[in-house]
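Source file: input36.cif. Holds: mmCIF, C-alpha atoms.
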```
data_start
loop_
_atom_site.group_PDB
_atom_site.id
_atom_site.type_symbol
_atom_site.label_atom_id
_atom_site.label_comp_id
_atom_site.auth_asym_id
_atom_site.auth_seq_id
_atom_site.Cartn_x
_atom_site.Cartn_y
_atom_site.Cartn_z
ATOM 1 C CA MET A 1 0.000 0.000 0.000
ATOM 2 C CA ALA A 2 1.430 3.376 -1.011
ATOM 3 C CA LYS A 3 1.857 5.987 1.680
ATOM 4 C CA LEU A 4 -0.570 8.900 1.229
ATOM 5 C CA SER A 5 0.576 12.486 1.572
ATOM 6 C CA THR A 6 -1.218 14.962 3.799
ATOM 7 C CA GLU A 7 -2.747 16.609 0.736
ATOM 8 C CA ASP A 8 -4.062 13.250 -0.522
ATOM 9 C CA LEU A 9 -5.639 12.514 2.858
ATOM 10 C CA LEU A 10 -7.261 15.944 3.002
ATOM 11 C CA ALA A 11 -8.636 15.458 -0.510
ATOM 12 C CA GLN A 12 -10.200 12.160 0.621
ATOM 13 C CA PHE A 13 -11.719 13.781 3.735
ATOM 14 C CA GLU A 14 -13.244 16.564 1.617
ATOM 15 C CA GLU A 15 -15.383 13.962 -0.155
ATOM 16 C CA LEU A 16 -16.860 12.591 3.108
ATOM 17 C CA THR A 17 -20.145 13.738 4.582
ATOM 18 C CA LEU A 18 -20.172 15.152 8.095
ATOM 19 C CA LEU A 19 -21.557 11.916 9.518
ATOM 20 C CA GLU A 20 -18.992 9.780 7.679
ATOM 21 C CA LEU A 21 -16.202 12.000 8.981
ATOM 22 C CA SER A 22 -17.597 11.792 12.510
ATOM 23 C CA GLU A 23 -17.686 7.994 12.301
ATOM 24 C CA PHE A 24 -14.100 7.986 11.014
ATOM 25 C CA VAL A 25 -12.921 10.142 13.922
ATOM 26 C CA LYS A 26 -14.617 7.797 16.418
ATOM 27 C CA ALA A 27 -13.038 4.747 14.789
ATOM 28 C CA PHE A 28 -9.626 6.474 14.755
ATOM 29 C CA GLU A 29 -9.945 7.352 18.449
ATOM 30 C CA GLU A 30 -10.841 3.765 19.329
ATOM 31 C CA LYS A 31 -8.130 2.197 17.167
ATOM 32 C CA PHE A 32 -5.286 4.349 18.497
ATOM 33 C CA ASP A 33 -6.723 5.015 21.984
ATOM 34 C CA VAL A 34 -6.581 8.797 21.562
ATOM 35 C CA THR A 35 -9.071 11.631 21.654
ATOM 36 C CA ALA A 36 -9.565 14.390 19.102
ATOM 37 C CA ALA A 37 -10.961 16.792 21.718
ATOM 38 C CA ALA A 38 -8.900 19.919 22.245
ATOM 39 C CA ALA A 39 -7.185 20.124 25.610
ATOM 40 C CA VAL A 40 -8.314 22.970 27.826
ATOM 41 C CA ALA A 41 -5.283 24.666 29.360
ATOM 42 C CA ALA A 42 -7.003 26.657 32.088
ATOM 43 C CA ALA A 43 -10.511 25.362 32.589
ATOM 44 C CA PRO A 44 -12.648 27.568 34.820
ATOM 45 C CA ALA A 45 -13.800 25.894 38.022
ATOM 46 C CA GLY A 46 -16.987 26.123 40.043
ATOM 47 C CA PRO A 47 -20.693 26.464 39.305
ATOM 48 C CA ALA A 48 -20.393 30.135 38.305
ATOM 49 C CA ALA A 49 -17.880 29.216 35.604
ATOM 50 C CA ALA A 50 -20.141 26.436 34.339
ATOM 51 C CA ALA A 51 -23.014 28.912 34.059
ATOM 52 C CA GLU A 52 -20.803 31.271 32.042
ATOM 53 C CA VAL A 53 -19.851 28.487 29.636
ATOM 54 C CA ALA A 54 -23.518 27.517 29.205
ATOM 55 C CA GLU A 55 -24.498 31.114 28.449
ATOM 56 C CA GLU A 56 -21.809 31.469 25.790
ATOM 57 C CA GLN A 57 -22.851 28.374 23.846
ATOM 58 C CA ASP A 58 -23.147 29.228 20.162
ATOM 59 C CA GLU A 59 -22.990 25.754 18.640
ATOM 60 C CA PHE A 60 -25.788 23.240 19.040
ATOM 61 C CA ASP A 61 -26.385 19.597 18.140
ATOM 62 C CA VAL A 62 -29.742 18.380 16.845
ATOM 63 C CA ILE A 63 -30.231 14.812 18.080
ATOM 64 C CA LEU A 64 -32.963 12.574 16.704
ATOM 65 C CA THR A 65 -34.303 10.556 19.659
ATOM 66 C CA GLY A 66 -37.169 8.791 17.910
ATOM 67 C CA ALA A 67 -38.763 8.530 14.474
ATOM 68 C CA GLY A 68 -42.381 8.323 15.593
ATOM 69 C CA GLU A 69 -45.080 6.805 13.417
ATOM 70 C CA LYS A 70 -44.201 8.715 10.223
ATOM 71 C CA LYS A 71 -40.746 7.240 9.686
ATOM 72 C CA ILE A 72 -40.720 7.890 5.920
ATOM 73 C CA GLN A 73 -41.492 11.587 6.460
ATOM 74 C CA VAL A 74 -38.700 11.808 9.036
ATOM 75 C CA ILE A 75 -36.245 10.196 6.588
ATOM 76 C CA LYS A 76 -37.238 12.780 3.958
ATOM 77 C CA VAL A 77 -36.612 15.644 6.391
ATOM 78 C CA VAL A 78 -33.253 14.155 7.445
ATOM 79 C CA ARG A 79 -32.229 14.010 3.771
ATOM 80 C CA GLU A 80 -33.278 17.654 3.305
ATOM 81 C CA LEU A 81 -31.267 18.767 6.339
ATOM 82 C CA THR A 82 -28.146 16.770 5.486
ATOM 83 C CA SER A 83 -26.337 15.627 2.373
ATOM 84 C CA LEU A 84 -27.081 11.988 3.168
ATOM 85 C CA GLY A 85 -28.352 9.511 0.643
ATOM 86 C CA LEU A 86 -31.493 7.471 1.181
ATOM 87 C CA LYS A 87 -29.739 4.488 2.780
ATOM 88 C CA GLU A 88 -27.639 6.647 5.127
ATOM 89 C CA ALA A 89 -30.671 8.704 6.179
ATOM 90 C CA LYS A 90 -32.686 5.529 6.817
ATOM 91 C CA ASP A 91 -29.820 4.051 8.855
ATOM 92 C CA LEU A 92 -29.608 7.253 10.900
ATOM 93 C CA VAL A 93 -33.353 7.203 11.615
ATOM 94 C CA ASP A 94 -33.282 3.477 12.434
ATOM 95 C CA GLY A 95 -30.335 3.908 14.806
ATOM 96 C CA THR A 96 -31.786 6.597 17.045
ATOM 97 C CA PRO A 97 -30.698 8.335 19.172
ATOM 98 C CA LYS A 98 -28.249 9.849 16.712
ATOM 99 C CA PRO A 99 -27.131 13.396 15.884
ATOM 100 C CA VAL A 100 -28.617 14.779 12.674
ATOM 101 C CA LEU A 101 -26.730 18.077 12.735
ATOM 102 C CA GLU A 102 -23.696 18.924 14.842
ATOM 103 C CA LYS A 103 -22.208 22.272 15.812
ATOM 104 C CA VAL A 104 -24.746 24.475 14.053
ATOM 105 C CA ALA A 105 -26.019 27.923 14.984
ATOM 106 C CA LYS A 106 -28.952 28.195 17.374
ATOM 107 C CA ASP A 107 -31.441 29.376 14.735
ATOM 108 C CA ALA A 108 -30.448 26.578 12.331
ATOM 109 C CA ALA A 109 -30.764 24.024 15.138
ATOM 110 C CA GLU A 110 -34.219 25.302 16.065
ATOM 111 C CA LYS A 111 -35.414 25.258 12.440
ATOM 112 C CA ALA A 112 -34.118 21.701 11.982
ATOM 113 C CA ALA A 113 -35.752 20.571 15.224
ATOM 114 C CA GLU A 114 -39.084 22.112 14.185
ATOM 115 C CA ALA A 115 -38.906 20.441 10.761
ATOM 116 C CA LEU A 116 -38.210 17.059 12.357
ATOM 117 C CA LYS A 117 -40.955 17.528 14.954
ATOM 118 C CA GLY A 118 -43.337 18.517 12.164
ATOM 119 C CA ALA A 119 -42.593 15.173 10.486
ATOM 120 C CA GLY A 120 -43.458 13.340 13.715
ATOM 121 C CA ALA A 121 -39.981 12.767 15.171
ATOM 122 C CA SER A 122 -38.840 13.390 18.717
ATOM 123 C CA VAL A 123 -35.787 15.647 18.865
ATOM 124 C CA GLU A 124 -33.350 17.123 21.404
ATOM 125 C CA VAL A 125 -31.276 20.242 20.879
ATOM 126 C CA LYS A 126 -28.117 20.283 22.990
#
```

Could you show the structure in this file as structure tokens?
Amino acid sequence: MAKLSTEDLLAQFEELTLLELSEFVKAFEEKFDVTAAAAVAAAPAGPAAAAEVAEEQDEFDVILTGAGEKKIQVIKVVRELTSLGLKEAKDLVDGTPKPVLEKVAKDAAEKAAEALKGAGASVEVK
């Protein structure tokens, strides 16, 4: 197997969807027993600091917790919100709870959650 350059690897990652990349990162972390989370040099301590961090949150995850009775409608909405194909969207809906969108703005997360709820799904925004 030929060794890939950094540019070749980046080109391959550009072709992945967000969910595929997330799954790759998880598999990489498990395989090499590492974490991709950034280290926090000086983490604030105490409940007041935790409240400040919660107030400053500007990225949200939309997590599908259940498909409800209208599973096909939920799959359609998932496909509209993401760049997933039919099989990937169906697998995501079947494997709940799973994140549909990660690290999106608050208004985008709320719109996505409303669209999913409108299709009959149960959703959490974290």

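The shortest atom-to-atom distance to Ile72 of chain A, with only C-alpha atoms taken into account, belongs to A:Leu116 out of A:Leu116, A:Lys98, A:Lys111, A:Leu84.
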
Fill in the blank from the handout: From atom CA of Lys126 of chain A to atom CA of Ala105 of chain A the spacing works out at 11.3 Å

Practice task
Extract, using all atoms listed in the file, all DNA, RNA and protein residues at most 10 Å from Ala108 of chain A, discarding same-chain residues fewer than 6 positions from it, and format them as a VMD selection string.
Solution key: chain A and resid 59 to 62 81 101 114

Handout entry: Computed interatomic separation between atom CA of Val74 of chain A and atom CA of Ala115 of chain A (Å)
Key =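 So the answer is 8.8 Å.
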
Exercise for the section: Record the distance separating atom CA of Lys106 of chain A and atom CA of Asp58 of chain A, expressed in Å with one decimal. Expected result: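 The value is 6.5 Å.
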
Size and centre in Å, one decimal, axis-aligned box, all listed segment 114-117 of chain A atoms plus 8 Å per side, as JSON:
```
{"center_x": -39.6, "center_y": 19.6, "center_z": 12.9, "size_x": 18.7, "size_y": 21.1, "size_z": 20.2}
```

Exercise for the section: May I have the protein, DNA and RNA residues with an atom at most 8 Å from (-22.8, 18.7, 12.7), counting all atoms listed in the file in the file's coordinates, returned as an MDAnalysis selection string? Expected result: chainID A and resid 18:19 61 99:104

Go ahead and write the residues just picked, C-alpha atoms, as a short mmCIF file (atom, residue, chain, number, x, y, z; two decimals), keeping the file's coordinate frame.
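As a result, again.cif now contains:
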```
data_model
loop_
_atom_site.label_atom_id
_atom_site.label_comp_id
_atom_site.auth_asym_id
_atom_site.auth_seq_id
_atom_site.Cartn_x
_atom_site.Cartn_y
_atom_site.Cartn_z
CA LEU A 18 -20.17 15.15 8.10
CA LEU A 19 -21.56 11.92 9.52
CA ASP A 61 -26.38 19.60 18.14
CA PRO A 99 -27.13 13.40 15.88
CA VAL A 100 -28.62 14.78 12.67
CA LEU A 101 -26.73 18.08 12.74
CA GLU A 102 -23.70 18.92 14.84
CA LYS A 103 -22.21 22.27 15.81
CA VAL A 104 -24.75 24.48 14.05
#
```

Exercise for the section: Using the chain letters and residue numbers of this document, give as an MDAnalysis selection string the residues selected by the PyMOL selection byres ((chain A and resi 92-94) around 10). Expected result: chainID A and resid 19 64:68 71:72 74:75 78 84 86:91 95:100 121

Practice task
Would you mind telling me which residue in A:Gly85, A:Lys70, A:Asp33, A:Arg79 lies nearest to Lys117 of chain A when using only C-alpha atoms?
Solution key: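 Between A:Gly85, A:Lys70, A:Asp33, A:Arg79, the residue approaching Lys117 of chain A most closely is A:Lys70.
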
Practice task
Determine the residue set returned by the PyMOL selection byres ((chain A and resi 124) around 6) for the present structure, and present it as a list in words.
Solution key: Val62, Ile63, Val123 and Val125 of chain A

Can you write out the residues you just picked, keeping C-alpha atoms, as a PDB file, in the frame of the given file?
```pdb
ATOM      1  CA  VAL A  62     -29.742  18.380  16.845  1.00  0.00           C
ATOM      2  CA  ILE A  63     -30.231  14.812  18.080  1.00  0.00           C
ATOM      3  CA  VAL A 123     -35.787  15.647  18.865  1.00  0.00           C
ATOM      4  CA  VAL A 125     -31.276  20.242  20.879  1.00  0.00           C
TER       5      VAL A 125
END
```
